[in-house]
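Let me begin by presenting the structure, written as structure tokens, before commenting on it.
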Amino acid sequence: MTTTAELLKQASELFPDEVVTSAHVRHLDLPFGAGRFALITLDNGFDHTKPTTFGPASLANLNTAIDQVEKEAAAGEIVGVGITGKPFIFAVGADLKGVELLKEHEHALAIGKGGHEVFKRLATLAVPTFAYYNGAAMGGGVEVGLHCSYRTVSAALPAFSLPEVFLGLVPGWGGCTLLPNLIGADKAVSVIIENSLNQNKQLKGAQVYELGIADALFEGADFLEQSLLWTASVLKGEIVVDRPVIDRGEAWDQAVAKGRFIADSKVHGAAPAAYRALDIIAAAKNGDLQQGYDAEDTALADLIMGGELRAGIYAFNLVQKRGKRPAGAPDKSLARPVTKVGVVGAGLMASQLALLFLRRLEVPVVLTDIDQERVDKGVGYVHAEIDKLLLKGRVNQDKANRLKALVTGVLDKAEGFADADFIIEAVFEEIGVKQQVFAEVEAVAPAHAILATNTSSLSVTEMASKLKNPERVVGFHFFNPVAILPLLEIVRGEQTDDASLATAFAVAKKLKKTAVLVKDAPAFVVNRILTRFMGEIQNVIDEGTPVEVAEKAVEPLGLPMSPLVLLELVGPAIGLHVSETLNRAFPDRFTVSPNLAAVVKAGKRGFYVYDSGKPELDPEVAALLKQGDVVLTEEQVRARVLDAVAQEIGLMLDEGVVAEAQDIDLCLITGAGWPFHLGGITPYLDREGVSERVNGKKFLEPGVASVPA
Amino acid sequence: MPRTVRDVVFVDGVRTPFGKAGPKGIYHETRADDLVVKAIRELLRRNPGLEPAKIDEVAIAATTQIGDQGLTIGRTAGILAGLPQTVPGYSIDRMCAGALTAVTTVAGSVAFGAYDVAIAGGVEHMGRHPMGEGVDPNPRFVSEKLVDESALFMGMTAENLHDRYPTITKQRADEYAVRSQEKAAKAYANGKIQQDLVPISVRRTNPEGGETGWGLVTADEPMRPGTTIENLTGLKTPFRVHGRVTAGNAAGLNDGATASIIASEDFAREHDLPVKMRLVAYSFAGVEPEVMGYGPIPATEKALAQAGLTIDDIGLFEINEAFAVQVLAFLEHYGIADDDARVNQYGGAIAFGHPLASSGVRLMTQLARQFEEQPNVRYGLTTMCVGFGMGATVIWENPHFEGDK
């Protein structure tokens with residue numbers, strides 16, 4: 001039989017680069033003469049910028065520490081055991097780098113078992129155990145505390161979560177089993193499923209206490225002292241922890257059902273993690289912990305060996321790492337300072353941009369337009385939005401005053417832009433109009449000023465072609481809603497120079513956007529792929545497949561919304577316009593749907609009516625549709641659509657629209673909200689064999705977003 | 001505007017356990033401001049009747065006002081302790097008498113009517129801020145012989161004080177030191193000290209200091225219970241060859257913080273706050289810097305004169321034991337026996353340690369406990385010597401006084 005120590009030793013050999021967490025054991029005398037106490041500190045030896053994690057060697061260290069305190073407890077040398085973290089960090093769970101390396105089901109199983117075998121010892125010592133959540137606690141960090149007899153939490157704790165489902169795992173070191181047994185299934189489903197699927201929402205210290213996960217809440221300034229005083233009182237029997245009785249009746253089943261509803265509405269059955277977690281929560285109703293742990297081990301191993309998790313980790317790394325260090329961006333030292341921003345146009349998009357620049361850069365922002373009324377409306381919009389922020393408490397009165405004073409509107413571009421460093425246009429999407437606007441701006445703006453365009457489909461190079469200084473023109477393509485979607489496609493025109501591009505990336509960073517460098521190619525990245533995707537859906541509808549079949553065909557991808565709902569959000573007219581642009585560029589692949597043209601011509605803003613509470617095809621739209629007689633199945637539609645997407649991405653990479661497939665995925669995740677479990681799209685296309693079918697090869701090397709070979 | 005001087009009281013005082021300065025000390029990895037912040041928070045927890053918004057001032061002393069003892073620590077400590085932003089604060093420096101001066105300064109403001117209640121305390125992390133850190137004495141001190149060169153070295157001033165009082169031998173100083181350790185150990189055994197200590201969590205990352213990870217400090221680190229005269233006899237005299245001052249008959253280099261609540265008596269009564277001591281008089285005096293240990297004598301003379309009292313009226317003494325010789329000089333001056341039971345009943349800085357600017361409030365906290373226990377005593381005195389030739393004395397009245405028995 002393999003011991004826990006042996007199991008962990010074998011596992012650690014697979015992961016030689018682990019940042020190893022120590023488990024220091026230190027003894028102290030509790031106040032009030034409550035006795036000798038052993039306190040375990042989890043610490044990886046780095047400061048809080050490198051949070052403490054659990055890899056196999058780290059678990060082995062904790063196991064050794066528990067060996068020591070177990071003996072002391074058995075010998076009556078200590079009255080209790082505590083566990084806490086280094087400053088600002090408790091522990092943030094399993095080391096994902098180690099998970100990425102796993103190739104075999106049995107190794108994945110060992111990771112789950114290893115964690116369980118170590119953590120559950122905290123529940124069976126001869127003395128009570130206490131977890132002191134002093135700082136950030138996630139995943140396995142949360143779980144190690146759940147195995148303890150008692151928990152306290154710091155009011156200063158900024159982030160507490162079980163993010164496994166978000167990544168494509170289950171809380172598999174006791175989380176799925178222990179949490180519902182501690183706080184009830186309903187609250188556990190909120191933490192494990194709902195928060196995870198709600199963009200990995202984090203809990204604060206006070207919420208951890210209110211949920212009943214922690215038995216006591218103390219302020220950050222003397223959290224550990226107060227936790228230890230509380231511990232002394234608990235051990236002396238002066239404080240009795242009274243936890244509410246868990247409802248193990250119908251409420252439990254209802255909570256699991258609620259969890260399934262949430263999972264369906266977020267991932268539409270397309271990613272397994274949430275459902276696996278819910279199965280374990282459902283089974284935990286009987287309170288049999290070991291049965292739950294075994295189920296967790298199996299679920300973890302299955303998921304670790306599955307493509308969704310690998311794609312999830314890939315996506316997570318894209319957003320966290322590549323998104324912060326854009327591939328191909330010039331040296332940031334070339335960037336010029338931006339101390340004033342000009343916005344050409346004062347319509348809704350322009351006003352939203354003005355607000356964003358104002359809030360993030362906190363420099364003067366000046367709007368211009370063709371008449372005073374429009375200018376006033378634009379400034380008025382920004383002021384009204386600042387007032388909303390003030391009402392919500394997002395800014396205080398001083399900040400609101402400051403921001404309002406910074407935004408102005410003028411008719412005369414010479415007056416507004418003479419000292420601007422960065423001028424962005426958001427005028428009508430027509431090349432002649434844009435060229436004229438840039439010519440006017442160039443005549444009055446300083447020679448160094450960046451001229452940025454928010455065009456979604458026009459050529460940046462062409463827009464710059466008639467200028468004296470075309471090297472300062474940059475594409476700066478935001479996604480609607482500008483304040484929410486992180487993606488910013490930064491387009492390099494043929495003549496754009498490095499300094500201008502570096503300035504654009506520096507501004508993007510201050511705007512807190514995920515910037516991706518894109519070649520000046522038709523519709524850039526997201527719109528090109530979405531248009532090809534939608535175009536293929538429209539093609540099959542036009543050819544004769546019923547709308548609902550076409551829509552259902554792509555449900556298994558778990559996209560944030562169905563194609564036609566997306567088209568409704570974008571606006572059928574804009575969708576048509578982009579498809580026309582791309583049709584001109586690539587007539588063999590991009591079609592213009594006559595049915596869509598008819599819908600736009602009829603002035604319809606969408607395809608569905610929602611009178612019954614559910615989307616139903618608008619009868620007026622249905623009457624407009626002229627369909628052929630080729631009826632495809634869902635599988636056939638899905639294959640057509642995915643083939644088209646794979647082909648388009650392959651061509652884009654050949655054209656050098658972006659540096660790598662990773663940038664395509666980063667764009668789709670941050671600009672179109674495509675889910676993590678797809679890894680954007682290329683890991684999915686690889687996994688499903690689409691890439692090889694269409695392009696003869698995979699987009700990504702094995703192991704990048706899949707189980708390594 | 002007619003103005004009435006108001007009675008000022010010592011409501012309550014706490015302190016951190018004191019640590020040994022240096023890499024192996026318990027507070028080596030603990031910030032000075034965190035020590036005083038935790039003391040303030042404990043004080044507020046112990047006195048729930050004191051609404052934090054009512055605090056008019058936070059006066060915190062530190063000798064070396066650099067780094068985590070700088071940045072106007074009275075203000076920053078208030079914010080870090082969670083006091084409302086409306087509560088102001090400032091820093092004080094009178095070296096060893098820092099906390100004592102914080103108390104008398106806010107007390108003066110309370111008496112004047114400017115404040116109703118204030119926090120006064122001190123901190124010194126001599127490990128993070130060794131004595132003399134960043135000092136830049138004016139060269140005129142030497143060129144014009146304004147002070148003797150020994151004035152900047154406290155141990156040398158203590159040797160100088162031995163010269164002034166030739167009858168105070170090394171033997172007497174060592175015997176005094178042994179008694180201080182004995183009294184401190186007894187006070188600990190009887191739980192006299194712990195009741196006013198704030199437990200402090202401490203981190204250790206260097207295994208040379210002992211077990212690593214987080215720990216909890218609940219007792220003074222410098223104490224050496226069981227010290228005998230034999231232990232002390234052979235110790236080196238680092239300040240003078242064949243001298244008398246040793247590490248055994250002086251306070252060490254220490255880390256720690258103290259905090260107290262000072263209020264008008266009316267405010268304390270209205271808010272159901274304890275009244276542990278009533279302020280009678282305070283005084284500061286200057287002496288030759290090279291015999292700074294003499295300072296408590298003229299300071300006490302002035303304070304007694306102010307109060308219209310004589311030394312015989314004083315029933316309890318808390319004298320800071322920077323050096324045994326300085327206590328003995330005081331006692332010799334007033335004709336009090338070295339082992340007089342009224343003096344430093346719980347032991348003193350030789351045992352507990354002396355984190356410079358924090359010590360004044362420790363004297364008061366201990367005197368307050370002795371007042372509680374001894375309602376037959378009416379007046380007590382806290383006094384200390386101060387670097388660069390000063391003394392500081394505060395005379396207190398026991399509110400529990402029940403008349404002579």
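Starting from 1 in every chain, residues are counted up; chains themselves are A, B, ... following the order of the structure tokens, and ligands are numbered from 1 as listed.
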Set the distance at 12 Å and use only C-alpha atoms: which residues neighbour region 222-234 of chain B once local chain neighbours fewer than 4 positions away are removed? I'd like the list as a CSV table (one decimal) with N, CA and C atoms, in the first residue's frame.
```
chain,number,residue,atom,x,y,z
B,17,PRO,N,4.0,43.2,25.5
B,17,PRO,CA,5.1,42.7,26.2
B,17,PRO,C,6.4,43.3,25.5
B,18,PHE,N,7.4,43.5,26.3
B,18,PHE,CA,8.6,44.1,25.8
B,18,PHE,C,9.5,43.0,25.2
B,19,GLY,N,10.2,43.3,24.2
B,19,GLY,CA,11.1,42.3,23.6
B,19,GLY,C,12.6,42.7,23.6
B,20,LYS,N,13.4,41.8,23.3
B,20,LYS,CA,14.9,42.1,23.2
B,20,LYS,C,15.1,42.6,21.8
B,21,ALA,N,15.8,43.8,21.7
B,21,ALA,CA,16.2,44.3,20.4
B,21,ALA,C,17.2,43.4,19.7
B,22,GLY,N,17.1,43.3,18.4
B,22,GLY,CA,18.1,42.5,17.7
B,22,GLY,C,17.5,41.4,16.8
B,24,LYS,N,17.5,38.2,16.9
B,24,LYS,CA,16.8,37.1,17.5
B,24,LYS,C,15.6,37.5,18.4
B,25,GLY,N,15.4,38.8,18.5
B,25,GLY,CA,14.3,39.3,19.4
B,25,GLY,C,13.0,38.9,18.8
B,26,ILE,N,12.0,38.9,19.7
B,26,ILE,CA,10.7,38.4,19.3
B,26,ILE,C,10.0,39.4,18.3
B,169,THR,N,28.1,51.6,45.2
B,169,THR,CA,29.1,50.7,44.7
B,169,THR,C,28.5,49.8,43.6
B,170,LYS,N,29.3,49.1,42.9
B,170,LYS,CA,28.8,48.1,42.0
B,170,LYS,C,28.0,47.0,42.7
B,171,GLN,N,28.5,46.6,43.9
B,171,GLN,CA,27.8,45.6,44.7
B,171,GLN,C,26.4,46.0,45.0
B,172,ARG,N,26.2,47.3,45.4
B,172,ARG,CA,24.9,47.8,45.7
B,172,ARG,C,24.0,47.8,44.5
B,173,ALA,N,24.6,48.2,43.3
B,173,ALA,CA,23.9,48.2,42.1
B,173,ALA,C,23.4,46.8,41.7
B,174,ASP,N,24.3,45.9,41.8
B,174,ASP,CA,24.0,44.5,41.5
B,174,ASP,C,22.9,43.9,42.4
B,175,GLU,N,23.1,44.2,43.7
B,175,GLU,CA,22.0,43.7,44.6
B,175,GLU,C,20.7,44.3,44.3
B,176,TYR,N,20.7,45.6,43.9
B,176,TYR,CA,19.4,46.2,43.5
B,176,TYR,C,18.8,45.4,42.3
B,177,ALA,N,19.7,45.1,41.3
B,177,ALA,CA,19.3,44.5,40.1
B,177,ALA,C,18.7,43.1,40.4
B,178,VAL,N,19.3,42.4,41.3
B,178,VAL,CA,18.8,41.0,41.6
B,178,VAL,C,17.4,41.2,42.2
B,179,ARG,N,17.2,42.2,43.1
B,179,ARG,CA,15.9,42.4,43.7
B,179,ARG,C,14.9,42.7,42.6
B,180,SER,N,15.3,43.5,41.6
B,180,SER,CA,14.3,43.9,40.6
B,180,SER,C,13.8,42.7,39.9
B,181,GLN,N,14.8,41.8,39.5
B,181,GLN,CA,14.4,40.5,38.9
B,181,GLN,C,13.5,39.7,39.8
B,182,GLU,N,13.8,39.6,41.0
B,182,GLU,CA,13.0,38.8,42.0
B,182,GLU,C,11.6,39.4,42.1
B,183,LYS,N,11.5,40.7,42.2
B,183,LYS,CA,10.2,41.3,42.4
B,183,LYS,C,9.3,41.2,41.1
B,184,ALA,N,10.0,41.3,39.9
B,184,ALA,CA,9.3,41.1,38.7
B,184,ALA,C,8.8,39.7,38.5
B,185,ALA,N,9.6,38.7,38.9
B,185,ALA,CA,9.2,37.3,38.8
B,185,ALA,C,8.0,37.1,39.7
B,186,LYS,N,8.0,37.7,40.9
B,186,LYS,CA,6.9,37.5,41.8
B,186,LYS,C,5.7,38.1,41.3
B,187,ALA,N,5.8,39.3,40.7
B,187,ALA,CA,4.7,40.0,40.2
B,187,ALA,C,4.0,39.2,39.1
B,188,TYR,N,4.9,38.6,38.2
B,188,TYR,CA,4.4,37.7,37.2
B,188,TYR,C,3.6,36.5,37.8
B,189,ALA,N,4.3,35.9,38.8
B,189,ALA,CA,3.6,34.7,39.4
B,189,ALA,C,2.3,35.1,40.0
B,242,HIS,N,37.1,48.7,34.5
B,242,HIS,CA,36.9,48.6,36.0
B,242,HIS,C,35.8,49.5,36.4
B,243,GLY,N,34.8,49.6,35.6
B,243,GLY,CA,33.6,50.4,35.9
B,243,GLY,C,32.6,49.6,36.7
B,244,ARG,N,31.4,50.2,36.8
B,244,ARG,CA,30.4,49.6,37.7
B,244,ARG,C,29.1,49.2,36.9
B,245,VAL,N,28.9,49.8,35.8
B,245,VAL,CA,27.7,49.6,35.0
B,245,VAL,C,27.9,48.4,34.1
B,246,THR,N,26.9,47.4,34.3
B,246,THR,CA,27.0,46.2,33.4
B,246,THR,C,25.6,46.0,32.8
B,247,ALA,N,25.6,45.0,31.9
B,247,ALA,CA,24.3,44.6,31.3
B,247,ALA,C,23.3,44.1,32.3
B,248,GLY,N,23.9,43.7,33.5
B,248,GLY,CA,23.0,43.1,34.5
B,248,GLY,C,22.4,44.1,35.4
B,249,ASN,N,23.0,45.3,35.6
B,249,ASN,CA,22.4,46.2,36.5
B,249,ASN,C,21.9,47.5,35.7
B,250,ALA,N,21.5,47.2,34.5
B,250,ALA,CA,20.9,48.3,33.6
B,250,ALA,C,19.8,47.6,32.8
B,251,ALA,N,19.0,48.5,32.3
B,251,ALA,CA,17.9,48.0,31.4
B,251,ALA,C,18.6,47.7,30.1
B,252,GLY,N,18.0,46.8,29.3
B,252,GLY,CA,18.6,46.4,28.0
B,252,GLY,C,18.2,47.3,26.9
B,253,LEU,N,18.4,46.8,25.7
B,253,LEU,CA,17.9,47.4,24.5
B,253,LEU,C,16.7,46.7,24.1
B,254,ASN,N,15.6,47.4,24.0
B,254,ASN,CA,14.3,46.7,23.9
B,254,ASN,C,13.3,47.3,22.8
B,255,ASP,N,12.3,46.5,22.5
B,255,ASP,CA,11.3,46.9,21.6
B,255,ASP,C,9.9,46.8,22.4
B,256,GLY,N,9.1,47.8,22.2
B,256,GLY,CA,7.8,47.7,22.8
B,256,GLY,C,7.0,49.0,22.7
B,347,GLY,N,9.1,45.3,40.5
B,347,GLY,CA,10.3,45.2,39.8
B,347,GLY,C,10.3,46.4,38.7
B,348,GLY,N,11.3,46.4,37.9
B,348,GLY,CA,11.4,47.5,37.0
B,348,GLY,C,12.1,47.2,35.7
B,349,ALA,N,12.6,48.2,35.1
B,349,ALA,CA,13.1,48.1,33.7
B,349,ALA,C,14.3,47.2,33.6
B,350,ILE,N,15.0,47.0,34.7
B,350,ILE,CA,16.1,46.0,34.6
B,350,ILE,C,15.6,44.6,34.3
B,351,ALA,N,14.4,44.3,34.8
B,351,ALA,CA,13.8,43.0,34.5
B,351,ALA,C,12.9,43.1,33.2
B,352,PHE,N,12.0,44.1,33.1
B,352,PHE,CA,11.1,44.1,32.0
B,352,PHE,C,11.6,44.6,30.7
B,353,GLY,N,12.6,45.5,30.8
B,353,GLY,CA,13.2,46.2,29.6
B,353,GLY,C,12.7,47.6,29.6
B,354,HIS,N,13.4,48.3,28.7
B,354,HIS,CA,13.1,49.8,28.6
B,354,HIS,C,13.2,50.2,27.2
B,355,PRO,N,12.0,50.0,26.4
B,355,PRO,CA,12.0,50.5,25.1
B,355,PRO,C,11.7,52.1,25.2
```
**Item:** DSSP strand (DSSP E) residues within region 124-335 of chain A, listed as a count of residues only
**Value:** 18
**Request:** Compare B:Ile319, B:Leu304, B:Ile314, B:Val202 by their minimum atom-to-atom distance to chain A, counting only C-alpha atoms, and give me the closest one.
**Result:**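 Smallest distance to chain A is found for B:Val202.
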Within 9 Å of chain A: each chain B residue with its shortest pair, only C-alpha atoms, as a tab-separated table:
```
residue	atom	partner	partner_atom	distance
B:Asp34	CA	A:Ala221	CA	8.0
B:Val37	CA	A:Ala221	CA	7.9
B:Lys38	CA	A:Asp222	CA	6.5
B:Arg41	CA	A:Asp222	CA	8.3
B:Leu80	CA	A:Ala221	CA	7.3
B:Ala81	CA	A:Ala221	CA	6.8
B:Gly82	CA	A:Ala221	CA	8.2
B:Val198	CA	A:Glu225	CA	8.9
B:Pro199	CA	A:Glu225	CA	6.4
B:Ile200	CA	A:Glu225	CA	6.1
B:Ser201	CA	A:Glu225	CA	5.7
B:Arg203	CA	A:Lys86	CA	8.6
B:Thr205	CA	A:Gly45	CA	8.3
B:Gly210	CA	A:Arg26	CA	8.7
B:Glu211	CA	A:Arg26	CA	5.3
B:Thr212	CA	A:His24	CA	5.8
B:Gly213	CA	A:Thr41	CA	5.1
B:Trp214	CA	A:Thr41	CA	6.2
B:Gly215	CA	A:Leu28	CA	5.9
B:Leu216	CA	A:Leu28	CA	5.8
B:Val217	CA	A:Leu28	CA	7.7
B:Thr218	CA	A:Pro31	CA	6.9
```
**Prompt:** From the set B:Asp163, B:Asp266, B:Asp12, B:Glu397, which residue has the shortest atom-to-atom contact distance to Ala281 (chain B), counting only C-alpha atoms?
**Reply:** B:Glu397
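Residue neighbourhood of Leu566 (chain A), excluding near-sequence residues (fewer than 3 positions): Leu530, Met534, Pro560, Met561, Ser562, Pro563, Leu569, Val570, Gly571, Pro572, Gly575, Gly606 and Ala672 of chain A, at 10 Å, using only C-alpha atoms.
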Output file for the residues above (C-alpha atoms, as a PDB file, in the first residue's frame):
```pdb
ATOM      1  CA  LEU A 530     -18.154  36.412 -35.930  1.00  0.00           C
ATOM      2  CA  MET A 534     -23.002  34.223 -38.513  1.00  0.00           C
ATOM      3  CA  PRO A 560     -23.017  33.647 -24.291  1.00  0.00           C
ATOM      4  CA  MET A 561     -25.992  34.010 -26.662  1.00  0.00           C
ATOM      5  CA  SER A 562     -27.411  32.442 -29.785  1.00  0.00           C
ATOM      6  CA  PRO A 563     -26.300  33.805 -33.170  1.00  0.00           C
ATOM      7  CA  LEU A 569     -27.700  43.023 -29.994  1.00  0.00           C
ATOM      8  CA  VAL A 570     -25.278  44.240 -32.644  1.00  0.00           C
ATOM      9  CA  GLY A 571     -28.128  45.505 -34.798  1.00  0.00           C
ATOM     10  CA  PRO A 572     -29.111  43.794 -38.055  1.00  0.00           C
ATOM     11  CA  GLY A 575     -24.343  43.174 -39.151  1.00  0.00           C
ATOM     12  CA  GLY A 606     -34.411  41.909 -34.340  1.00  0.00           C
ATOM     13  CA  ALA A 672     -17.011  38.332 -27.779  1.00  0.00           C
TER      14      ALA A 672
END
```
**Thr52 (chain A) environment, 9 Å, only C-alpha atoms, sequence neighbours closer than 5 positions dropped, as a PyMOL selection string** = chain A and resi 19-21+42-46+85-86+89-93+95+141
Write the residues of the preceding selection, restricted to N, CA and C atoms, as a compact mmCIF listing (two decimals), in the first residue's frame.
```
# COMPACT_ATOMS: atom_id res chain seq x y z
N VAL A 19 6.75 25.80 -7.02
CA VAL A 19 7.12 26.77 -5.99
C VAL A 19 6.61 26.20 -4.68
N VAL A 20 7.53 25.70 -3.87
CA VAL A 20 7.13 24.87 -2.74
C VAL A 20 6.73 25.72 -1.53
N THR A 21 5.59 25.39 -0.98
CA THR A 21 5.10 26.05 0.23
C THR A 21 5.59 25.29 1.45
N LEU A 42 1.50 28.61 6.57
CA LEU A 42 1.75 28.25 5.17
C LEU A 42 2.45 29.42 4.51
N ASP A 43 3.62 29.17 3.95
CA ASP A 43 4.43 30.29 3.45
C ASP A 43 5.36 29.77 2.37
N ASN A 44 5.28 30.36 1.18
CA ASN A 44 6.16 29.90 0.09
C ASN A 44 7.45 30.72 0.02
N GLY A 45 7.64 31.59 1.00
CA GLY A 45 8.91 32.33 1.08
C GLY A 45 8.96 33.57 0.22
N PHE A 46 7.90 33.83 -0.55
CA PHE A 46 7.87 35.06 -1.36
C PHE A 46 6.88 36.03 -0.71
N GLY A 85 -1.75 31.82 7.19
CA GLY A 85 -0.89 32.08 6.04
C GLY A 85 0.09 33.21 6.29
N LYS A 86 0.91 33.45 5.27
CA LYS A 86 1.84 34.57 5.34
C LYS A 86 1.03 35.87 5.21
N ILE A 89 -1.96 36.69 2.53
CA ILE A 89 -2.34 35.50 1.77
C ILE A 89 -2.55 34.34 2.74
N PHE A 90 -3.68 33.65 2.62
CA PHE A 90 -3.83 32.39 3.35
C PHE A 90 -3.24 31.31 2.44
N ALA A 91 -3.95 30.92 1.41
CA ALA A 91 -3.41 30.03 0.37
C ALA A 91 -4.40 30.07 -0.77
N VAL A 92 -3.90 30.03 -2.00
CA VAL A 92 -4.80 30.20 -3.15
C VAL A 92 -5.00 28.91 -3.94
N GLY A 93 -4.75 27.78 -3.29
CA GLY A 93 -5.16 26.52 -3.88
C GLY A 93 -4.08 25.80 -4.66
N ASP A 95 -1.57 24.37 -7.36
CA ASP A 95 -0.71 25.03 -8.34
C ASP A 95 -1.10 24.54 -9.73
N GLY A 141 -6.94 26.32 -0.74
CA GLY A 141 -6.72 27.15 0.45
C GLY A 141 -7.97 27.20 1.30
```
**Prompt:** What does the distance from CA of Val165 (chain A) to CA of Gly306 (chain A) come to in Å, to one decimal?
**Reply:**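 Taking CA of Val165 (chain A) and CA of Gly306 (chain A), their separation equals 13.5 Å.
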Give me the residues near Thr4 (chain A) as a PDB file with C-alpha atoms, in the first residue's frame, where near means some atom within 8 Å (using only C-alpha atoms) and where sequence neighbours in that chain fewer than 6 positions away do not count.
```pdb
ATOM      1  CA  GLY A 114      -2.959  13.392  -2.021  1.00  0.00           C
ATOM      2  CA  GLU A 117      -5.216  12.346   2.580  1.00  0.00           C
ATOM      3  CA  VAL A 118      -3.332  15.327   3.994  1.00  0.00           C
TER       4      VAL A 118
END
```
**Message:** Using only C-alpha atoms, which protein or nucleic acid residues come within 7 Å of Val460 (chain A)? Drop anything in the same chain fewer than 5 positions from it, and give the result as a list in words.
**Reply:**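 Contacts, in chain order: Val474, Gly475, Gly493 and Asp520 of chain A.
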**Request:** Write down as a ChimeraX atom specification the residues belonging to region 247-377 of chain B that are assigned alpha helix (DSSP H) by DSSP computed on the backbone.
**Result:** /B:265-270,296-307,324-334,349-352,359-373
**Nearby residues (only C-alpha atoms) at most 12 Å from Pro399 (chain B), same-chain spacing under 2 positions excluded, as a PyMOL selection string** = chain B and resi 7-11+265+274-280+368-380+396-397+401-403
